[in-house]
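Below is one structure; the comments refer to it alone.
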Amino acid sequence: MPIKNFYETEYITAPNHGGEGLARMSSVYRRAELDSPLSFINYTVLPPGASIGIHTHRDDEEVYVILEGTGIMEVDGAKIPVKAGDTVLNKPFGSHALYNGPGGDMRVLIFEAAKRNI
């Protein structure tokens, strides 16, 4: 089915990449459903104080789209404040993490694309 509502997809609740607290995560589209370099589209909710732990990918890229909330995005050691409407590009072989502060939930769409053969 080409249309999905990420608010209505099945969630798992677990730590994310060794981060603090429990994140609610949903795979909106998985690699097997996609006919493009996209690997997945995930919807993640970080409650207050939760985080996506620091991690490094291989030769793929990830884009985080902050839908709601504020927090700190760490990209290659630099800590940058983020808010609703911000997009963050995580380049191949870079490290990144996302920290939600003590306010409300942070809601994020995460797109991952595999390396392109050019």
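Each chain of the structure tokens is named A, B, ... in the order shown, its residues numbered from 1; ligands are numbered from 1 in display order.
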
Test item: residues at most 8 Å from stretch 87-91 of chain A, only C-alpha atoms, excluding those fewer than 4 positions along its chain, as a PyMOL selection string: chain A and resi 60-66+75+95-96

Keeping only all heavy atoms, write the selected residues to a file as a PDB file, in the first residue's frame.
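Resulting contents of again_36.pdb:
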ATOM      1  N   ASP A  60      26.205   5.240   4.459  1.00  0.00           N
ATOM      2  CA  ASP A  60      24.866   5.734   4.171  1.00  0.00           C
ATOM      3  C   ASP A  60      24.692   7.136   4.755  1.00  0.00           C
ATOM      4  O   ASP A  60      25.566   7.630   5.455  1.00  0.00           O
ATOM      5  CB  ASP A  60      23.804   4.779   4.723  1.00  0.00           C
ATOM      6  CG  ASP A  60      23.987   4.505   6.210  1.00  0.00           C
ATOM      7  OD1 ASP A  60      24.735   5.244   6.873  1.00  0.00           O
ATOM      8  OD2 ASP A  60      23.383   3.556   6.709  1.00  0.00           O
ATOM      9  N   GLU A  61      23.600   7.767   4.405  1.00  0.00           N
ATOM     10  CA  GLU A  61      23.259   9.074   4.953  1.00  0.00           C
ATOM     11  C   GLU A  61      21.931   8.958   5.682  1.00  0.00           C
ATOM     12  O   GLU A  61      21.076   8.172   5.292  1.00  0.00           O
ATOM     13  CB  GLU A  61      23.096  10.118   3.841  1.00  0.00           C
ATOM     14  CG  GLU A  61      24.386  10.549   3.206  1.00  0.00           C
ATOM     15  CD  GLU A  61      24.174  11.634   2.164  1.00  0.00           C
ATOM     16  OE1 GLU A  61      23.232  11.525   1.361  1.00  0.00           O
ATOM     17  OE2 GLU A  61      24.963  12.580   2.169  1.00  0.00           O
ATOM     18  N   GLU A  62      21.784   9.772   6.714  1.00  0.00           N
ATOM     19  CA  GLU A  62      20.510   9.865   7.417  1.00  0.00           C
ATOM     20  C   GLU A  62      20.108  11.326   7.491  1.00  0.00           C
ATOM     21  O   GLU A  62      20.958  12.206   7.664  1.00  0.00           O
ATOM     22  CB  GLU A  62      20.616   9.341   8.850  1.00  0.00           C
ATOM     23  CG  GLU A  62      20.276   7.908   9.004  1.00  0.00           C
ATOM     24  CD  GLU A  62      20.183   7.484  10.446  1.00  0.00           C
ATOM     25  OE1 GLU A  62      20.777   8.116  11.339  1.00  0.00           O
ATOM     26  OE2 GLU A  62      19.522   6.476  10.674  1.00  0.00           O
ATOM     27  N   VAL A  63      18.820  11.558   7.372  1.00  0.00           N
ATOM     28  CA  VAL A  63      18.263  12.891   7.561  1.00  0.00           C
ATOM     29  C   VAL A  63      17.255  12.800   8.696  1.00  0.00           C
ATOM     30  O   VAL A  63      16.350  11.963   8.668  1.00  0.00           O
ATOM     31  CB  VAL A  63      17.584  13.415   6.281  1.00  0.00           C
ATOM     32  CG1 VAL A  63      16.917  14.759   6.545  1.00  0.00           C
ATOM     33  CG2 VAL A  63      18.586  13.518   5.140  1.00  0.00           C
ATOM     34  N   TYR A  64      17.441  13.643   9.703  1.00  0.00           N
ATOM     35  CA  TYR A  64      16.495  13.750  10.806  1.00  0.00           C
ATOM     36  C   TYR A  64      15.643  14.988  10.544  1.00  0.00           C
ATOM     37  O   TYR A  64      16.180  16.070  10.305  1.00  0.00           O
ATOM     38  CB  TYR A  64      17.227  13.952  12.138  1.00  0.00           C
ATOM     39  CG  TYR A  64      17.838  12.710  12.745  1.00  0.00           C
ATOM     40  CD1 TYR A  64      18.665  11.865  12.013  1.00  0.00           C
ATOM     41  CD2 TYR A  64      17.615  12.386  14.065  1.00  0.00           C
ATOM     42  CE1 TYR A  64      19.239  10.740  12.585  1.00  0.00           C
ATOM     43  CE2 TYR A  64      18.186  11.270  14.652  1.00  0.00           C
ATOM     44  CZ  TYR A  64      18.987  10.450  13.902  1.00  0.00           C
ATOM     45  OH  TYR A  64      19.554   9.334  14.466  1.00  0.00           O
ATOM     46  N   VAL A  65      14.329  14.832  10.604  1.00  0.00           N
ATOM     47  CA  VAL A  65      13.397  15.947  10.460  1.00  0.00           C
ATOM     48  C   VAL A  65      12.687  16.101  11.807  1.00  0.00           C
ATOM     49  O   VAL A  65      11.941  15.209  12.224  1.00  0.00           O
ATOM     50  CB  VAL A  65      12.372  15.676   9.333  1.00  0.00           C
ATOM     51  CG1 VAL A  65      11.405  16.855   9.210  1.00  0.00           C
ATOM     52  CG2 VAL A  65      13.078  15.417   8.007  1.00  0.00           C
ATOM     53  N   ILE A  66      12.958  17.217  12.481  1.00  0.00           N
ATOM     54  CA  ILE A  66      12.365  17.463  13.793  1.00  0.00           C
ATOM     55  C   ILE A  66      10.944  17.997  13.562  1.00  0.00           C
ATOM     56  O   ILE A  66      10.770  19.092  13.028  1.00  0.00           O
ATOM     57  CB  ILE A  66      13.196  18.471  14.618  1.00  0.00           C
ATOM     58  CG1 ILE A  66      14.693  18.092  14.640  1.00  0.00           C
ATOM     59  CG2 ILE A  66      12.614  18.615  16.032  1.00  0.00           C
ATOM     60  CD1 ILE A  66      15.019  16.751  15.217  1.00  0.00           C
ATOM     61  N   VAL A  75      26.493  16.142  16.094  1.00  0.00           N
ATOM     62  CA  VAL A  75      26.969  15.678  14.788  1.00  0.00           C
ATOM     63  C   VAL A  75      28.487  15.817  14.773  1.00  0.00           C
ATOM     64  O   VAL A  75      29.008  16.938  14.889  1.00  0.00           O
ATOM     65  CB  VAL A  75      26.343  16.481  13.627  1.00  0.00           C
ATOM     66  CG1 VAL A  75      26.874  15.996  12.291  1.00  0.00           C
ATOM     67  CG2 VAL A  75      24.825  16.399  13.662  1.00  0.00           C
ATOM     68  N   SER A  95      29.377  10.533  13.026  1.00  0.00           N
ATOM     69  CA  SER A  95      28.703  10.100  14.252  1.00  0.00           C
ATOM     70  C   SER A  95      27.632  11.128  14.607  1.00  0.00           C
ATOM     71  O   SER A  95      27.762  12.318  14.300  1.00  0.00           O
ATOM     72  CB  SER A  95      29.706   9.947  15.398  1.00  0.00           C
ATOM     73  OG  SER A  95      30.298  11.186  15.698  1.00  0.00           O
ATOM     74  N   HIS A  96      26.566  10.649  15.239  1.00  0.00           N
ATOM     75  CA  HIS A  96      25.493  11.556  15.611  1.00  0.00           C
ATOM     76  C   HIS A  96      24.662  10.967  16.744  1.00  0.00           C
ATOM     77  O   HIS A  96      24.657   9.760  16.974  1.00  0.00           O
ATOM     78  CB  HIS A  96      24.600  11.900  14.408  1.00  0.00           C
ATOM     79  CG  HIS A  96      24.085  10.711  13.679  1.00  0.00           C
ATOM     80  ND1 HIS A  96      24.812  10.042  12.725  1.00  0.00           N
ATOM     81  CD2 HIS A  96      22.914  10.049  13.768  1.00  0.00           C
ATOM     82  CE1 HIS A  96      24.104   9.034  12.253  1.00  0.00           C
ATOM     83  NE2 HIS A  96      22.946   9.005  12.873  1.00  0.00           N
TER      84      HIS A  96
END

Nearby residues (only C-alpha atoms) at most 8 Å from A:Glu10, same-chain spacing under 2 positions excluded, as number ranges by chain: A: 8, 12, 26-27

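Taking atom CA of A:Gly21 and atom CA of A:Glu74 as the two end points, the separation is 17.3 Å.
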
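Closest approach to A:Tyr29 among A:Gly77, A:Pro2, A:Pro47, A:Gly104 is made by A:Pro2 (distances from only C-alpha atoms).
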
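Rounded to one decimal, atom CA of A:Gly18 and atom CA of A:Leu98 lie 11.5 Å from each other.
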